[in-house]
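Chemist: Contents of input_32.pdb (PDB, C-alpha atoms, pLDDT in the B column) are below:
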MODEL        1
ATOM      1  CA  ASN A   1      19.571 -24.915 -20.404  1.00 85.00           C
ATOM      2  CA  PRO A   2      17.604 -21.723 -21.039  1.00 91.00           C
ATOM      3  CA  PHE A   3      19.053 -18.701 -22.787  1.00 95.00           C
ATOM      4  CA  VAL A   4      19.135 -15.762 -20.353  1.00 96.00           C
ATOM      5  CA  CYS A   5      19.903 -12.092 -20.813  1.00 96.00           C
ATOM      6  CA  LEU A   6      19.531  -9.556 -18.006  1.00 97.00           C
ATOM      7  CA  TRP A   7      19.714  -5.794 -18.422  1.00 97.00           C
ATOM      8  CA  LEU A   8      21.550  -4.254 -15.467  1.00 97.00           C
ATOM      9  CA  GLN A   9      21.933  -0.555 -14.749  1.00 95.00           C
ATOM     10  CA  PHE A  10      24.430   0.617 -12.124  1.00 95.00           C
ATOM     11  CA  THR A  11      24.152   4.054 -10.577  1.00 92.00           C
ATOM     12  CA  GLN A  12      26.966   6.272  -9.321  1.00 87.00           C
ATOM     13  CA  GLY A  13      26.071   5.037  -5.838  1.00 86.00           C
ATOM     14  CA  ASP A  14      26.794   1.458  -6.977  1.00 91.00           C
ATOM     15  CA  THR A  15      23.165   0.358  -6.857  1.00 94.00           C
ATOM     16  CA  CYS A  16      22.281  -2.358  -9.363  1.00 96.00           C
ATOM     17  CA  TYR A  17      18.889  -2.168 -11.046  1.00 96.00           C
ATOM     18  CA  VAL A  18      17.723  -5.275 -12.926  1.00 96.00           C
ATOM     19  CA  ILE A  19      15.452  -3.488 -15.371  1.00 96.00           C
ATOM     20  CA  ASP A  20      14.628  -6.186 -17.913  1.00 97.00           C
ATOM     21  CA  GLU A  21      15.118  -9.861 -18.725  1.00 97.00           C
ATOM     22  CA  TYR A  22      14.934 -12.137 -21.729  1.00 97.00           C
ATOM     23  CA  THR A  23      14.887 -15.861 -21.133  1.00 96.00           C
ATOM     24  CA  THR A  24      13.580 -19.019 -22.724  1.00 95.00           C
ATOM     25  CA  ALA A  25      12.517 -20.258 -19.287  1.00 91.00           C
ATOM     26  CA  VAL A  26       8.868 -20.119 -18.202  1.00 91.00           C
ATOM     27  CA  ILE A  27       7.083 -20.852 -14.921  1.00 88.00           C
ATOM     28  CA  ARG A  28       4.515 -23.641 -15.051  1.00 88.00           C
ATOM     29  CA  ASP A  29       2.811 -25.067 -11.989  1.00 84.00           C
ATOM     30  CA  GLY A  30       5.371 -23.399  -9.741  1.00 81.00           C
ATOM     31  CA  ARG A  31       8.311 -24.893 -11.622  1.00 83.00           C
ATOM     32  CA  GLU A  32      10.763 -23.477 -14.124  1.00 87.00           C
ATOM     33  CA  GLU A  33      10.696 -25.092 -17.573  1.00 89.00           C
ATOM     34  CA  VAL A  34      12.725 -24.399 -20.702  1.00 88.00           C
ATOM     35  CA  LEU A  35      11.193 -23.566 -24.068  1.00 88.00           C
ATOM     36  CA  GLN A  36      12.945 -25.346 -26.909  1.00 85.00           C
ATOM     37  CA  GLY A  37      13.446 -24.541 -30.550  1.00 85.00           C
ATOM     38  CA  LEU A  38      15.379 -21.259 -30.836  1.00 92.00           C
ATOM     39  CA  THR A  39      18.998 -21.173 -31.934  1.00 95.00           C
ATOM     40  CA  THR A  40      21.606 -18.944 -30.308  1.00 95.00           C
ATOM     41  CA  GLN A  41      21.389 -16.556 -33.240  1.00 96.00           C
ATOM     42  CA  GLU A  42      17.600 -16.382 -32.997  1.00 96.00           C
ATOM     43  CA  ASN A  43      17.828 -15.704 -29.276  1.00 96.00           C
ATOM     44  CA  GLY A  44      20.358 -12.967 -29.964  1.00 96.00           C
ATOM     45  CA  GLU A  45      17.986 -11.374 -32.463  1.00 97.00           C
ATOM     46  CA  GLU A  46      15.204 -11.492 -29.884  1.00 96.00           C
ATOM     47  CA  VAL A  47      17.516  -9.801 -27.362  1.00 97.00           C
ATOM     48  CA  LEU A  48      18.241  -6.989 -29.835  1.00 97.00           C
ATOM     49  CA  LEU A  49      14.521  -6.549 -30.521  1.00 97.00           C
ATOM     50  CA  GLN A  50      13.709  -6.412 -26.815  1.00 96.00           C
ATOM     51  CA  HIS A  51      16.572  -3.984 -26.236  1.00 96.00           C
ATOM     52  CA  ALA A  52      15.074  -1.671 -28.843  1.00 96.00           C
ATOM     53  CA  GLN A  53      11.499  -1.940 -27.610  1.00 95.00           C
ATOM     54  CA  GLY A  54      11.973  -2.404 -23.851  1.00 94.00           C
ATOM     55  CA  PRO A  55      12.950   0.061 -21.102  1.00 93.00           C
ATOM     56  CA  CYS A  56      16.343   0.732 -22.701  1.00 93.00           C
ATOM     57  CA  GLN A  57      14.725   1.972 -25.933  1.00 93.00           C
ATOM     58  CA  GLY A  58      17.813   1.004 -27.911  1.00 92.00           C
ATOM     59  CA  ALA A  59      20.289   2.965 -25.789  1.00 93.00           C
ATOM     60  CA  ALA A  60      23.909   1.885 -26.181  1.00 91.00           C
ATOM     61  CA  TRP A  61      25.132  -0.596 -23.579  1.00 91.00           C
ATOM     62  CA  GLU A  62      28.544  -0.231 -21.981  1.00 91.00           C
ATOM     63  CA  TRP A  63      29.434  -3.936 -21.782  1.00 91.00           C
ATOM     64  CA  ALA A  64      27.985  -7.429 -21.910  1.00 93.00           C
ATOM     65  CA  VAL A  65      29.338 -10.365 -19.923  1.00 91.00           C
ATOM     66  CA  ALA A  66      28.664 -14.043 -20.522  1.00 89.00           C
ATOM     67  CA  ASP A  67      29.304 -17.477 -19.094  1.00 84.00           C
ATOM     68  CA  ARG A  68      32.812 -18.302 -20.276  1.00 76.00           C
ATOM     69  CA  SER A  69      31.820 -21.953 -20.791  1.00 81.00           C
ATOM     70  CA  GLY A  70      29.698 -20.867 -23.767  1.00 84.00           C
ATOM     71  CA  ALA A  71      32.531 -19.836 -26.099  1.00 87.00           C
ATOM     72  CA  ASP A  72      30.745 -21.054 -29.254  1.00 92.00           C
ATOM     73  CA  GLU A  73      27.561 -19.194 -28.334  1.00 93.00           C
ATOM     74  CA  ILE A  74      29.558 -16.048 -27.561  1.00 92.00           C
ATOM     75  CA  ARG A  75      31.166 -16.173 -31.017  1.00 93.00           C
ATOM     76  CA  THR A  76      27.756 -16.682 -32.645  1.00 95.00           C
ATOM     77  CA  LEU A  77      26.276 -13.668 -30.865  1.00 95.00           C
ATOM     78  CA  GLN A  78      29.186 -11.502 -31.913  1.00 94.00           C
ATOM     79  CA  ARG A  79      29.392 -12.706 -35.511  1.00 95.00           C
ATOM     80  CA  HIS A  80      25.683 -12.713 -36.364  1.00 95.00           C
ATOM     81  CA  CYS A  81      24.109 -10.247 -33.897  1.00 95.00           C
ATOM     82  CA  GLY A  82      26.870  -7.778 -33.139  1.00 94.00           C
ATOM     83  CA  ILE A  83      26.673  -8.574 -29.417  1.00 94.00           C
ATOM     84  CA  ARG A  84      30.230  -8.617 -28.108  1.00 90.00           C
ATOM     85  CA  ALA A  85      30.102 -10.424 -24.777  1.00 88.00           C
ATOM     86  CA  ILE A  86      33.088 -10.496 -22.437  1.00 83.00           C
ATOM     87  CA  TYR A  87      33.813 -13.783 -20.726  1.00 72.00           C
ATOM     88  CA  ARG A  88      37.084 -13.057 -18.970  1.00 58.00           C
ATOM     89  CA  HIS A  89      37.777 -10.715 -16.102  1.00 52.00           C
ATOM     90  CA  VAL A  90      39.769  -7.534 -16.397  1.00 45.00           C
ATOM     91  CA  THR A  91      42.845  -8.955 -14.679  1.00 44.00           C
ATOM     92  CA  PRO A  92      43.921 -12.504 -13.773  1.00 46.00           C
ATOM     93  CA  SER A  93      43.850 -11.505 -10.104  1.00 51.00           C
ATOM     94  CA  ASN A  94      40.067 -11.364 -10.289  1.00 52.00           C
ATOM     95  CA  ARG A  95      39.639 -14.966 -11.412  1.00 54.00           C
ATOM     96  CA  ARG A  96      38.774 -16.004  -7.874  1.00 50.00           C
ATOM     97  CA  GLU A  97      35.602 -13.950  -8.224  1.00 48.00           C
ATOM     98  CA  LEU A  98      34.320 -16.498 -10.717  1.00 52.00           C
ATOM     99  CA  GLU A  99      33.823 -18.909  -7.833  1.00 66.00           C
ATOM    100  CA  VAL A 100      30.166 -19.374  -6.946  1.00 73.00           C
ATOM    101  CA  PRO A 101      30.501 -18.752  -3.176  1.00 75.00           C
ATOM    102  CA  ALA A 102      32.409 -15.501  -3.737  1.00 77.00           C
ATOM    103  CA  GLY A 103      29.808 -14.369  -6.254  1.00 80.00           C
ATOM    104  CA  ILE A 104      26.956 -15.217  -3.890  1.00 82.00           C
ATOM    105  CA  ARG A 105      28.569 -13.140  -1.167  1.00 83.00           C
ATOM    106  CA  ARG A 106      28.705 -10.148  -3.521  1.00 86.00           C
ATOM    107  CA  VAL A 107      25.068 -10.524  -4.569  1.00 87.00           C
ATOM    108  CA  ARG A 108      23.977 -10.964  -0.965  1.00 85.00           C
ATOM    109  CA  ARG A 109      25.873  -7.845   0.071  1.00 88.00           C
ATOM    110  CA  PHE A 110      24.130  -5.841  -2.666  1.00 91.00           C
ATOM    111  CA  LEU A 111      20.804  -7.126  -1.322  1.00 87.00           C
ATOM    112  CA  ARG A 112      21.605  -6.505   2.321  1.00 87.00           C
ATOM    113  CA  GLU A 113      22.777  -2.952   1.661  1.00 88.00           C
ATOM    114  CA  GLY A 114      19.730  -2.170  -0.452  1.00 90.00           C
ATOM    115  CA  ARG A 115      21.806  -1.898  -3.616  1.00 92.00           C
ATOM    116  CA  LEU A 116      19.987  -4.547  -5.681  1.00 94.00           C
ATOM    117  CA  ILE A 117      16.580  -3.580  -7.060  1.00 95.00           C
ATOM    118  CA  VAL A 118      14.688  -5.970  -9.332  1.00 95.00           C
ATOM    119  CA  ASP A 119      11.751  -4.924 -11.498  1.00 95.00           C
ATOM    120  CA  SER A 120       9.549  -7.911 -10.696  1.00 93.00           C
ATOM    121  CA  GLU A 121       7.036  -6.979 -13.408  1.00 94.00           C
ATOM    122  CA  ARG A 122       9.576  -7.122 -16.212  1.00 95.00           C
ATOM    123  CA  CYS A 123      11.808  -9.723 -14.552  1.00 96.00           C
ATOM    124  CA  PRO A 124       9.488 -12.437 -13.201  1.00 95.00           C
ATOM    125  CA  ILE A 125      11.941 -15.322 -13.717  1.00 94.00           C
ATOM    126  CA  THR A 126      14.742 -13.478 -11.925  1.00 94.00           C
ATOM    127  CA  THR A 127      12.377 -12.773  -9.029  1.00 93.00           C
ATOM    128  CA  PHE A 128      11.219 -16.406  -9.004  1.00 92.00           C
ATOM    129  CA  GLU A 129      14.796 -17.699  -8.882  1.00 90.00           C
ATOM    130  CA  LEU A 130      15.929 -15.140  -6.326  1.00 87.00           C
ATOM    131  CA  ASN A 131      13.440 -16.519  -3.830  1.00 84.00           C
ATOM    132  CA  ARG A 132      14.269 -20.185  -4.534  1.00 80.00           C
ATOM    133  CA  TYR A 133      18.060 -20.258  -4.887  1.00 72.00           C
ATOM    134  CA  ARG A 134      19.059 -22.755  -2.214  1.00 67.00           C
ATOM    135  CA  TYR A 135      21.675 -25.042  -0.764  1.00 65.00           C
ATOM    136  CA  PRO A 136      20.798 -28.709  -0.207  1.00 65.00           C
ATOM    137  CA  ASP A 137      18.199 -29.387   2.483  1.00 63.00           C
ATOM    138  CA  LYS A 138      20.780 -30.576   5.033  1.00 61.00           C
ATOM    139  CA  PRO A 139      23.145 -27.642   5.540  1.00 54.00           C
ATOM    140  CA  GLU A 140      24.978 -29.479   8.324  1.00 57.00           C
ATOM    141  CA  ASP A 141      26.229 -31.974   5.733  1.00 53.00           C
ATOM    142  CA  ARG A 142      27.826 -29.416   3.466  1.00 52.00           C
ATOM    143  CA  ASN A 143      31.162 -27.705   3.800  1.00 54.00           C
ATOM    144  CA  ALA A 144      31.938 -24.067   3.175  1.00 50.00           C
ATOM    145  CA  ASN A 145      32.897 -24.687  -0.461  1.00 50.00           C
ATOM    146  CA  GLU A 146      29.744 -26.496  -1.518  1.00 58.00           C
ATOM    147  CA  VAL A 147      27.686 -24.737  -4.154  1.00 64.00           C
ATOM    148  CA  PRO A 148      23.891 -24.308  -4.159  1.00 65.00           C
ATOM    149  CA  LEU A 149      21.543 -26.766  -5.826  1.00 65.00           C
ATOM    150  CA  LYS A 150      21.848 -26.657  -9.610  1.00 66.00           C
ATOM    151  CA  ALA A 151      18.230 -25.707 -10.194  1.00 68.00           C
ATOM    152  CA  ASN A 152      16.370 -22.451 -10.817  1.00 72.00           C
ATOM    153  CA  ASP A 153      19.692 -20.662 -11.154  1.00 82.00           C
ATOM    154  CA  HIS A 154      20.292 -19.421 -14.685  1.00 90.00           C
ATOM    155  CA  CYS A 155      19.116 -15.860 -14.038  1.00 93.00           C
ATOM    156  CA  MET A 156      21.045 -16.009 -10.762  1.00 91.00           C
ATOM    157  CA  ASP A 157      24.173 -16.989 -12.694  1.00 90.00           C
ATOM    158  CA  ALA A 158      23.661 -14.089 -15.116  1.00 93.00           C
ATOM    159  CA  LEU A 159      23.147 -11.668 -12.228  1.00 94.00           C
ATOM    160  CA  ARG A 160      26.251 -12.964 -10.488  1.00 90.00           C
ATOM    161  CA  TYR A 161      28.382 -12.575 -13.636  1.00 90.00           C
ATOM    162  CA  GLY A 162      27.134  -9.015 -14.103  1.00 93.00           C
ATOM    163  CA  ILE A 163      27.783  -7.890 -10.539  1.00 92.00           C
ATOM    164  CA  ILE A 164      31.197  -9.545 -10.378  1.00 88.00           C
ATOM    165  CA  TYR A 165      32.287  -7.983 -13.653  1.00 88.00           C
ATOM    166  CA  TYR A 166      31.029  -4.572 -12.552  1.00 91.00           C
ATOM    167  CA  LEU A 167      33.054  -4.876  -9.340  1.00 89.00           C
ATOM    168  CA  ALA A 168      36.122  -5.949 -11.329  1.00 84.00           C
ATOM    169  CA  ARG A 169      35.812  -2.768 -13.379  1.00 86.00           C
ATOM    170  CA  ASN A 170      34.985  -0.623 -10.346  1.00 86.00           C
ATOM    171  CA  PRO A 171      37.028  -1.977  -7.434  1.00 81.00           C
ATOM    172  CA  GLN A 172      36.152   1.026  -5.274  1.00 80.00           C
ATOM    173  CA  ALA A 173      32.576  -0.273  -5.196  1.00 78.00           C
ATOM    174  CA  ASP A 174      33.839  -3.474  -3.596  1.00 71.00           C
ATOM    175  CA  SER A 175      35.977  -1.779  -0.976  1.00 64.00           C
ATOM    176  CA  ARG A 176      33.259  -1.814   1.672  1.00 54.00           C
ATOM    177  CA  ARG A 177      34.164  -3.886   4.705  1.00 42.00           C
ATOM    178  CA  GLU A 178      32.951  -7.496   4.355  1.00 50.00           C
ATOM    179  CA  GLU A 179      31.591  -9.408   7.299  1.00 44.00           C
ATOM    180  CA  ASP A 180      33.064 -12.767   8.149  1.00 44.00           C
ATOM    181  CA  GLU A 181      30.257 -14.848   6.635  1.00 47.00           C
ATOM    182  CA  GLU A 182      31.676 -18.360   6.518  1.00 48.00           C
ATOM    183  CA  GLU A 183      30.161 -19.350   9.850  1.00 49.00           C
ATOM    184  CA  GLN A 184      26.849 -17.798   8.927  1.00 49.00           C
ATOM    185  CA  GLU A 185      26.763 -19.539   5.525  1.00 48.00           C
ATOM    186  CA  ALA A 186      27.374 -22.932   7.139  1.00 47.00           C
ATOM    187  CA  ARG A 187      24.024 -22.584   8.942  1.00 46.00           C
ATOM    188  CA  MET A 188      22.040 -21.284   6.004  1.00 46.00           C
ATOM    189  CA  VAL A 189      19.697 -23.232   3.711  1.00 48.00           C
ATOM    190  CA  THR A 190      19.171 -20.421   1.224  1.00 53.00           C
ATOM    191  CA  PRO A 191      22.372 -18.623   0.136  1.00 53.00           C
ATOM    192  CA  LEU A 192      20.607 -15.280  -0.039  1.00 56.00           C
ATOM    193  CA  ARG A 193      18.064 -15.898   2.725  1.00 47.00           C
ATOM    194  CA  SER A 194      19.143 -13.378   5.351  1.00 46.00           C
ATOM    195  CA  ALA A 195      19.276 -10.610   2.770  1.00 48.00           C
ATOM    196  CA  GLN A 196      16.069 -11.776   1.076  1.00 48.00           C
ATOM    197  CA  ASP A 197      14.086 -11.509   4.300  1.00 50.00           C
ATOM    198  CA  GLU A 198      14.910  -7.823   4.420  1.00 47.00           C
ATOM    199  CA  ALA A 199      14.729  -7.126   0.692  1.00 47.00           C
ATOM    200  CA  GLN A 200      11.836  -9.329  -0.457  1.00 47.00           C
ATOM    201  CA  PRO A 201       9.118  -6.650  -0.149  1.00 41.00           C
ATOM    202  CA  ARG A 202      11.261  -4.290  -2.216  1.00 46.00           C
ATOM    203  CA  VAL A 203      12.093  -6.947  -4.799  1.00 48.00           C
ATOM    204  CA  MET A 204       8.531  -8.206  -5.169  1.00 43.00           C
ATOM    205  CA  GLN A 205       6.785  -4.817  -5.238  1.00 42.00           C
ATOM    206  CA  THR A 206       9.189  -2.730  -7.266  1.00 43.00           C
ATOM    207  CA  GLY A 207       7.634  -1.961 -10.659  1.00 42.00           C
ATOM    208  CA  GLN A 208       8.967  -0.304 -13.771  1.00 41.00           C
ATOM    209  CA  ASP A 209       7.549   3.105 -12.822  1.00 42.00           C
ATOM    210  CA  ARG A 210       9.152   3.015  -9.380  1.00 41.00           C
ATOM    211  CA  ILE A 211      12.489   2.106 -10.872  1.00 38.00           C
ATOM    212  CA  ALA A 212      12.199   4.890 -13.449  1.00 38.00           C
ATOM    213  CA  ASN A 213      11.490   7.379 -10.677  1.00 40.00           C
ATOM    214  CA  ARG A 214      14.630   6.358  -8.786  1.00 37.00           C
ATOM    215  CA  LEU A 215      17.037   6.474 -11.724  1.00 36.00           C
TER     216      LEU A 215
ENDMDL
END
As structure tokens, how would this structure be written, given the file I've shared?

Modeler:
Amino acid sequence: NPFVCLWLQFTQGDTCYVIDEYTTAVIRDGREEVLQGLTTQENGEEVLLQHAQGPCQGAAWEWAVADRSGADEIRTLQRHCGIRAIYRHVTPSNRRELEVPAGIRRVRRFLREGRLIVDSERCPITTFELNRYRYPDKPEDRNANEVPLKANDHCMDALRYGIIYYLARNPQADSRREEDEEEQEARMVTPLRSAQDEAQPRVMQTGQDRIANRL
């Protein structure tokens, strides 16, 4: 699996800007491949270097959240790189938000409401995955609890963790009325498709300068 780090910035209006990415995944011939050879510590050092030299210019981050299945990697990042990543939610009542379908609904709502902006120039893998994150080809054969295909999804996982954790810390941002989406999801091939159709021009064309102007 590739190592992925996304830099997310949330505004007071609860808009999420994906302003930078670091990943050991690359796109070759229209497919995502993983570069091998770096240890967790080396990846952490690369993240710190990119944080210092990228759009953040070394600014302090408020929190970092990680896949809780990577406990050893989380300890390595903290011990050797000083990156303290959280892998549990604020309260036990928010554990349900770790479920993939619930996370997808949150990400889709951010997209639909225009509250998810991706810098496609600095985040090409995130943009690539966002437009390819899919359920199996026969949606009529899946039930409401089935998760999307386990492919092209590592940046999507990181984005989902970040948004869910932000909402756990800021429950007022999640108080907007949710639509009843179960019936809609049962007919969909791409989990984010309906929101992508509306947001794709914004996601694909948004550059670093445009993001900087809106912050």

Chemist: Applied to this file, what does the PyMOL selection byres ((chain A and resi 5-8) around 7) return in terms of residues, put as a PDB file with C-alpha atoms, keeping the file's coordinate frame?

Modeler:
ATOM      1  CA  PHE A   3      19.053 -18.701 -22.787  1.00 95.00           C
ATOM      2  CA  VAL A   4      19.135 -15.762 -20.353  1.00 96.00           C
ATOM      3  CA  GLN A   9      21.933  -0.555 -14.749  1.00 95.00           C
ATOM      4  CA  PHE A  10      24.430   0.617 -12.124  1.00 95.00           C
ATOM      5  CA  CYS A  16      22.281  -2.358  -9.363  1.00 96.00           C
ATOM      6  CA  TYR A  17      18.889  -2.168 -11.046  1.00 96.00           C
ATOM      7  CA  VAL A  18      17.723  -5.275 -12.926  1.00 96.00           C
ATOM      8  CA  ILE A  19      15.452  -3.488 -15.371  1.00 96.00           C
ATOM      9  CA  ASP A  20      14.628  -6.186 -17.913  1.00 97.00           C
ATOM     10  CA  GLU A  21      15.118  -9.861 -18.725  1.00 97.00           C
ATOM     11  CA  TYR A  22      14.934 -12.137 -21.729  1.00 97.00           C
ATOM     12  CA  THR A  23      14.887 -15.861 -21.133  1.00 96.00           C
ATOM     13  CA  ALA A 158      23.661 -14.089 -15.116  1.00 93.00           C
TER      14      ALA A 158
END

Chemist: For Ala60 of chain A, which residue among A:Arg132, A:Ile104, A:Leu77, A:Leu48 is the nearest when counting only C-alpha atoms?

Modeler: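 For Ala60 of chain A, the nearest of the given residues is A:Leu48.
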
Chemist: I need the residue set behind the PyMOL selection byres ((chain A and resi 154-156) around 7) for this file; please write it as a list in words.

Modeler: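 For this structure, the PyMOL selection byres ((chain A and resi 154-156) around 7) resolves to Val4, Thr126, Glu129, Leu130, Asn152, Asp153, Asp157, Ala158, Leu159 and Arg160 of chain A.
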
Chemist: A:Ile164, A:Pro171, A:Ile83, A:Ile74: which is nearest Pro101 of chain A, counting all atoms listed in the file?

Modeler: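 When distances to Pro101 of chain A are compared using all atoms listed in the file, the smallest one comes from A:Ile164.
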
Chemist: So, counting all atoms listed in the file, which residue among A:Pro124, A:Gly162, A:Pro55, A:Gly82 is closest to Gln41 of chain A?

Modeler: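 Closest candidate: A:Gly82.
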
Chemist: Do you have the atom CA of Pro2 of chain A-atom CA of Thr24 of chain A distance handy?

Modeler: 5.1 Å

Chemist: In Å, with one decimal, what is the gap from atom CA of Leu49 of chain A to atom CA of Val118 of chain A?

Modeler: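 Between atom CA of Leu49 of chain A and atom CA of Val118 of chain A the gap works out to 21.2 Å.
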
Chemist: Just how far from atom CA of Tyr166 of chain A is atom CA of Thr11 of chain A, in Å to one decimal?

Modeler: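 Taking atom CA of Thr11 of chain A and atom CA of Tyr166 of chain A, their separation equals 11.2 Å.
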
Chemist: Using all atoms listed in the file, find the one residue out of A:Val47, A:Asp67, A:Gln12, A:Tyr165 that sits nearest to Gly103 of chain A.

Modeler: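 Using all atoms listed in the file, the shortest distance to Gly103 of chain A belongs to A:Tyr165.
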
Chemist: Let me make sure I understand: among A:Glu121, A:Asp174, A:Glu62, A:Glu73, which one has the smallest atom-to-atom distance to Glu42 of chain A if we use only C-alpha atoms?

Modeler: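 Closest to Glu42 of chain A of all the choices is A:Glu73.
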
Chemist: Which residue gives the smallest distance to Phe128 of chain A among A:Val26, A:Asp14, A:Glu46, A:Ala64, with all atoms listed in the file counted?

Modeler: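 The answer is A:Val26, which sits nearest to Phe128 of chain A.
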